[in-house]
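One structure is given below, encoded as structure tokens.
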Amino acid sequence: MIIKPKVRGFVCVTAHPTGCAAHVQEQIDYVKAKGPIQGGPRNVLVIGSSTGYGLASRIAAAFGSGAKTLGIFFERPSEDDRPATPGWYNSIAFTNAARAAGLYAANLNGDAFSDDIKQQALALIARDMGPIDLVVYSLASPRRTHPKTGVVHKSTLQPLAAAYTNKTVDTDKGIVSEVTIEPADEAATADTVAVMGGEDWEMWMDALAGANLLAPGATAMAYSYIGPVHTWPIYKDGTIGRAKLDLERAARAIDAKLKAHGNGQAFISVNKALVTQASSAIPVVPLYISILYRVMKEMGIHEGCIEQMQRLFATHLYNGNTPRFDSEGRVRVDDWEMRPDVQAKVSAIWPQVTTENLAQLTDIAGYRTEFLKLFGFGLPGINYDADVEPHVPLT
Ligand code: NAD
């Protein structure tokens, strides 16, 4: 099959297997070039490991510290005339590279919110890995079927108090326009908390503890975002922000339990805004990211997922370091993004951007390049006119 990008709004409905593998390899090469991460994790469970921050965390653990990894994700395999989703190909590429390097790597493709996947994970960990010393919780999902009630909760990206109007960009068409998003009611807010809040993370931790599969002193972390005033109504102060507050609540609850188990710890790492499948779906945010990329690249401080996660592991978690927390007990690897000089430049550009000057004032080109890379397109050394086998089994 010859596979080309087919972009539909904020998603690309095709993915390129060898391109995805090259994208994974770039990230592995970056971590290896940074050198070993001393005192790193040995047995790692990554929930949401196939793309974005979860994949980068898995790569940092495996190729920085030689960790065994179990990855959990929800990806669609190829169908007759349709390639698989990028996370499917990424996971295969990661697994092949890890095993070639002599590292244990196992995968479970299924619904992480379900009891069934948790039970399968426990059995696999007990059989092959032994107690887990690092749990990374990096899910981004539009829905969750609650394992106890069977209710399907859908998450929304809405403001809370009042309708919110701001600039946004159609990243595919390059059109800047105003968007108005209606506020969420209580039910939509509660649903978003049910999907993206901390209950499922707690369920995972309780399941591991109940099966005696947490190493004494284990670390658990989940990821959040805060961002600048421009996006607060839709993010920090919106439905997703409520869910992230609940994730912080869960971090405190899990932390208390882990502290009692060999002085372990749980916390939230607040990460930088980056192009991922999850972030491209949020109104307003892609325009902010396009401006941010331009500013941070010009200042020489731009990072992608792998740079963020390598820095998190190397300078907060391991290498003789301990996490440095903000006043709310969160690690901040969004520190460079949130620097006042960076945000001042973003704020100066924000009101000026129009469809006409988008290419001059923002890094929309960089945004699009990164977006296509998520699906395995635009990688150097790949012949996109050549036939490629889309049907690749997950091992
Ligand atoms: P992503 O879309 O790249 O990855 C999501 C992962 O979750 C994938 O591995 C996917 O397969 C998995 N997943 C989704 N539903 C699942 C299910 N039901 N069962 C099992 N796996 C499932 O997202 P991302 O941007 O890397 O986000 C990960 C975390 O990082 C989120 O908590 C997000 O809020 C946070 N974060 C993202 C950004 C950003 O700008 N992208 C910034 C800061 C924090």
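Naming works like this for the structure tokens: A, B, ... for the chains as they're shown, residue 1 at the start of each chain, ligands 1 onward in shown order.
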Margin query: Please return as a PyMOL selection string the residues found within 7 Å of ligand 1, counting only C-alpha atoms and all ligand atoms.
Written below: chain A and resi 47-55+72-75+87+109-113+138-141+144+222-225+270-279
Next item on the list: Based on DSSP run over this structure's backbone, return all residues of region 268-395 of chain A in strand (DSSP E), as a VMD selection string.
Entry: chain A and resid 268 to 270 331 to 332
Next item on the list: Mind checking which residues fall within 10 Å of region 13-26 of chain A, counting only C-alpha atoms, ignoring those fewer than 5 positions away in the same chain, and posting them as a VMD selection string?
Entry: chain A and resid 1 to 8 31 to 32 51 55 to 56 59 78 82 to 94 96 to 97 306 372 to 384 388 to 392
Output for the residues just chosen: C-alpha atoms as a short mmCIF file (atom, residue, chain, number, x, y, z; two decimals), in the first residue's frame:
```cif
data_model
loop_
_atom_site.label_atom_id
_atom_site.label_comp_id
_atom_site.auth_asym_id
_atom_site.auth_seq_id
_atom_site.Cartn_x
_atom_site.Cartn_y
_atom_site.Cartn_z
CA MET A 1 0.00 0.00 0.00
CA ILE A 2 1.21 3.51 -0.78
CA ILE A 3 0.28 5.60 2.24
CA LYS A 4 -0.07 9.38 2.08
CA PRO A 5 -1.38 11.75 4.74
CA LYS A 6 -5.15 12.31 4.72
CA VAL A 7 -5.84 15.19 7.06
CA ARG A 8 -9.45 15.71 8.17
CA VAL A 31 17.74 9.62 24.80
CA LYS A 32 20.82 7.54 24.02
CA THR A 51 1.98 8.25 21.55
CA LEU A 55 5.58 7.04 24.57
CA ALA A 56 8.37 9.52 25.35
CA ILE A 59 11.52 5.56 25.73
CA SER A 78 -4.92 -2.07 10.26
CA ARG A 82 -6.77 1.06 5.99
CA PRO A 83 -3.51 1.50 7.88
CA ALA A 84 -3.43 1.15 11.68
CA THR A 85 -3.33 4.16 14.01
CA PRO A 86 0.12 5.65 14.66
CA GLY A 87 0.26 4.34 18.24
CA TRP A 88 -0.01 0.82 16.89
CA TYR A 89 3.03 1.28 14.65
CA ASN A 90 4.90 3.26 17.33
CA SER A 91 4.43 0.47 19.85
CA ILE A 92 5.68 -2.16 17.43
CA ALA A 93 8.72 -0.02 16.59
CA PHE A 94 9.46 0.62 20.27
CA ASN A 96 11.37 -4.19 18.30
CA ALA A 97 14.03 -1.65 19.26
CA ILE A 306 11.14 13.39 24.27
CA LEU A 372 2.36 15.10 10.32
CA LYS A 373 5.28 13.46 12.12
CA LEU A 374 2.82 12.15 14.72
CA PHE A 375 1.43 10.01 11.90
CA GLY A 376 4.81 9.04 10.48
CA PHE A 377 4.91 11.57 7.63
CA GLY A 378 7.75 13.90 6.69
CA LEU A 379 10.51 11.82 8.26
CA PRO A 380 13.87 11.99 6.49
CA GLY A 381 15.00 8.91 4.61
CA ILE A 382 11.52 7.47 4.03
CA ASN A 383 10.29 7.00 0.47
CA TYR A 384 6.63 7.89 0.72
CA VAL A 388 4.75 -0.35 2.40
CA GLU A 389 3.16 -3.23 4.34
CA PRO A 390 0.40 -1.75 6.52
CA HIS A 391 -0.60 -5.02 8.22
CA VAL A 392 1.94 -5.48 10.97
#
```
Note to self: Considering only helix (DSSP H, G or I) as DSSP defines it on the backbone, what residues of region 32-235 of chain A qualify? List them as an NGL selection string.
What the structure shows: :A and (32-34 or 52-65 or 86-100 or 115-129 or 186-196 or 199-210 or 229-231)
Checklist line | Residue with smallest distance to His316 (chain A) - pool A:Ile282, A:Gln120, A:Tyr235, A:Thr219, counting only C-alpha atoms | finding: A:Thr219
Notebook entry, point to check: With distances taken over only C-alpha atoms, which of A:Gln360, A:Ser290, A:Gln310, A:Asn321 is nearest to Ala62 (chain A)?
Noted result: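 Of the candidates, the smallest distance to Ala62 (chain A) is held by A:Gln310.
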Checklist line | Atom-to-atom span, CA of Lys167 (chain A) and CA of Glu337 (chain A), Å | finding: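 Answer for the CA of Lys167 (chain A) to CA of Glu337 (chain A) separation: 20.1 Å.
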